[in-house]
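Asks: First the structure, then my questions, so here it is.
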Amino acid sequence: MKNRRGMLALGVFGGLALAASRSAVAADNCRNTEAAGAAVLDKYVAAMNARDTSTFPEIFTESYIQHSGRSPSGLAAMIELFKKVFAALPDRRLQVEDRIIAGDKVVARCTYTATHNQVFRGVPPTGKRFSYHTIDIWRVENGKFAEHWDLTDTEEVLRTLRAS
């Protein structure tokens, strides 16, 4: 009888130890994933503010999925898109106001500022500084952005530029 109780106790404690070990490994994996998310967000902000697409292969997966519908998916498409954005708004700056990183998701509330020196959505250049705000959600895979969803307040921009 004592052996059975001892075996049962050993099994229970062994199971608890295994569960605790797995939980610790999962927590470490989550911390590593979240650290990778923070790092890739920082790389993204640096690339945006330097207007540098050369680092995009370190930031976006080859099969990057853009869910907004405003631009195509894929690394090559992102490079071409941002070359155009940087040419159109050469002083465009990105500031992350808030960031939330949990598991493989990165959420950022961002403010972009630029000078309206070219036609933007049909509005002739005003020379006026303007800002717009976004909420971005990325899924991180192997230390890179793999998917993106966003909300952009384009009406805010158009109201500001038309008011000039």
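Please note that chains go A, B, ... in the order of the structure tokens, that every chain numbers its residues from 1, and that ligands are numbered from 1 in the order shown.
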If we count only C-alpha atoms, what is near Gly127 in chain A at a cut-off of 10 Å, once residues fewer than 2 positions away on the same chain are taken out, given as an NGL selection string?
Replies: :A and (114-118 or 124-125 or 129-130 or 161 or 164)
Asks: From a backbone DSSP assignment, name each residue in chain A labelled strand (DSSP E), as JSON, numbers by chain.
Replies: {"A": [60, 61, 62, 63, 64, 65, 66, 93, 94, 95, 96, 97, 98, 99, 100, 101, 102, 105, 106, 107, 108, 109, 110, 111, 112, 113, 114, 115, 129, 130, 131, 132, 133, 134, 135, 136, 137, 138, 139, 140, 141, 144, 145, 146, 147, 148, 149, 150, 151, 152]}
Asks: Ile65 in chain A: which residues within 9 Å, counting only C-alpha atoms, same-chain residues fewer than 6 positions away excluded, as a CSV table (one decimal) with N, CA and C atoms, in the first residue's frame?
Replies:
chain,number,residue,atom,x,y,z
A,72,PRO,N,-0.9,46.6,-52.2
A,72,PRO,CA,-0.7,45.1,-52.4
A,72,PRO,C,0.1,44.5,-51.3
A,73,SER,N,0.1,43.2,-51.2
A,73,SER,CA,0.9,42.4,-50.3
A,73,SER,C,2.2,42.0,-50.8
A,74,GLY,N,3.1,41.6,-50.0
A,74,GLY,CA,4.4,41.1,-50.4
A,74,GLY,C,5.5,42.1,-50.1
A,75,LEU,N,6.7,41.6,-49.8
A,75,LEU,CA,7.9,42.4,-49.5
A,75,LEU,C,8.2,43.4,-50.7
A,145,PHE,N,7.6,41.3,-39.6
A,145,PHE,CA,6.1,41.5,-39.8
A,145,PHE,C,5.7,40.6,-40.9
A,146,ALA,N,4.6,39.8,-40.6
A,146,ALA,CA,4.1,38.9,-41.6
A,146,ALA,C,2.7,39.3,-42.1
A,147,GLU,N,1.9,40.0,-41.2
A,147,GLU,CA,0.6,40.5,-41.6
A,147,GLU,C,0.3,41.8,-41.0
A,148,HIS,N,-0.5,42.6,-41.6
A,148,HIS,CA,-0.8,44.0,-41.1
A,148,HIS,C,-2.3,44.3,-41.3
A,149,TRP,N,-2.9,44.9,-40.3
A,149,TRP,CA,-4.2,45.5,-40.3
A,149,TRP,C,-4.1,46.9,-39.8
Asks: Could you check which of A:Val157, A:Ile101, A:Ala163, A:Ala76 is closest to Thr33 in chain A, using only C-alpha atoms?
Replies: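 Checking each candidate against Thr33 in chain A, we get A:Ile101 as the closest.
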Asks: How many Å lie between CA of Ala38 in chain A and CA of Ile100 in chain A, rounded to one decimal?
Replies: 9.0 Å
Asks: I need the residue nearest Lys43 in chain A from this list: A:Lys84, A:Lys105, A:Lys128, A:Lys144. Use only C-alpha atoms for the distance.
Replies: A:Lys144
Asks: When you look at Glu34 in chain A with a cut-off of 10 Å (counting only C-alpha atoms), what residues show up, excluding the ones that are within fewer than 4 positions of it in the same chain? I need them as a PyMOL selection string.
Replies: chain A and resi 28-30+38-40+100-106+140+143
Asks: Could those selected residues go to a file with N, CA and C atoms, as a short mmCIF file (atom, residue, chain, number, x, y, z; two decimals), in the first residue's frame?
Replies:
data_model
loop_
_atom_site.label_atom_id
_atom_site.label_comp_id
_atom_site.auth_asym_id
_atom_site.auth_seq_id
_atom_site.Cartn_x
_atom_site.Cartn_y
_atom_site.Cartn_z
N ASP A 28 8.89 31.79 -21.51
CA ASP A 28 10.12 32.22 -22.17
C ASP A 28 9.88 32.46 -23.65
N ASN A 29 9.15 31.54 -24.31
CA ASN A 29 8.84 31.71 -25.73
C ASN A 29 8.04 32.97 -25.97
N CYS A 30 7.07 33.23 -25.11
CA CYS A 30 6.24 34.43 -25.23
C CYS A 30 7.10 35.69 -25.07
N ALA A 38 8.92 43.88 -30.40
CA ALA A 38 9.40 45.22 -30.05
C ALA A 38 10.57 45.61 -30.95
N ALA A 39 11.47 44.68 -31.21
CA ALA A 39 12.64 44.96 -32.03
C ALA A 39 12.24 45.29 -33.47
N VAL A 40 11.31 44.52 -34.04
CA VAL A 40 10.93 44.78 -35.43
C VAL A 40 10.14 46.09 -35.53
N ILE A 100 1.49 48.19 -27.80
CA ILE A 100 1.08 47.03 -26.99
C ILE A 100 1.61 45.81 -27.71
N ILE A 101 2.37 45.01 -26.99
CA ILE A 101 2.96 43.81 -27.59
C ILE A 101 2.55 42.62 -26.74
N ALA A 102 1.87 41.68 -27.38
CA ALA A 102 1.40 40.49 -26.67
C ALA A 102 1.51 39.29 -27.61
N GLY A 103 2.27 38.31 -27.19
CA GLY A 103 2.46 37.14 -28.05
C GLY A 103 3.06 37.56 -29.37
N ASP A 104 2.43 37.12 -30.46
CA ASP A 104 2.96 37.46 -31.80
C ASP A 104 2.30 38.69 -32.40
N LYS A 105 1.61 39.50 -31.59
CA LYS A 105 0.94 40.70 -32.10
C LYS A 105 1.61 41.96 -31.56
N VAL A 106 1.74 42.93 -32.46
CA VAL A 106 2.24 44.26 -32.12
C VAL A 106 1.16 45.25 -32.53
N VAL A 140 3.74 39.02 -35.98
CA VAL A 140 5.18 38.80 -36.13
C VAL A 140 5.43 37.31 -36.32
N GLY A 143 10.57 37.00 -36.22
CA GLY A 143 11.19 38.30 -36.03
C GLY A 143 10.88 39.34 -37.09
#
Asks: So how far away is CA of Ala108 in chain A from CA of Ala46 in chain A, in Å?
Replies: 14.5 Å
Asks: Could you please determine the separation between CA of Arg93 in chain A and CA of Asn142 in chain A in Å, to one decimal place?
Replies: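 Distance reported for this atom pair: 26.9 Å.
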Asks: Could you check which of A:Arg109, A:Lys83, A:Arg159, A:His67 is closest to Asp52 in chain A, using only C-alpha atoms?
Replies: A:Lys83
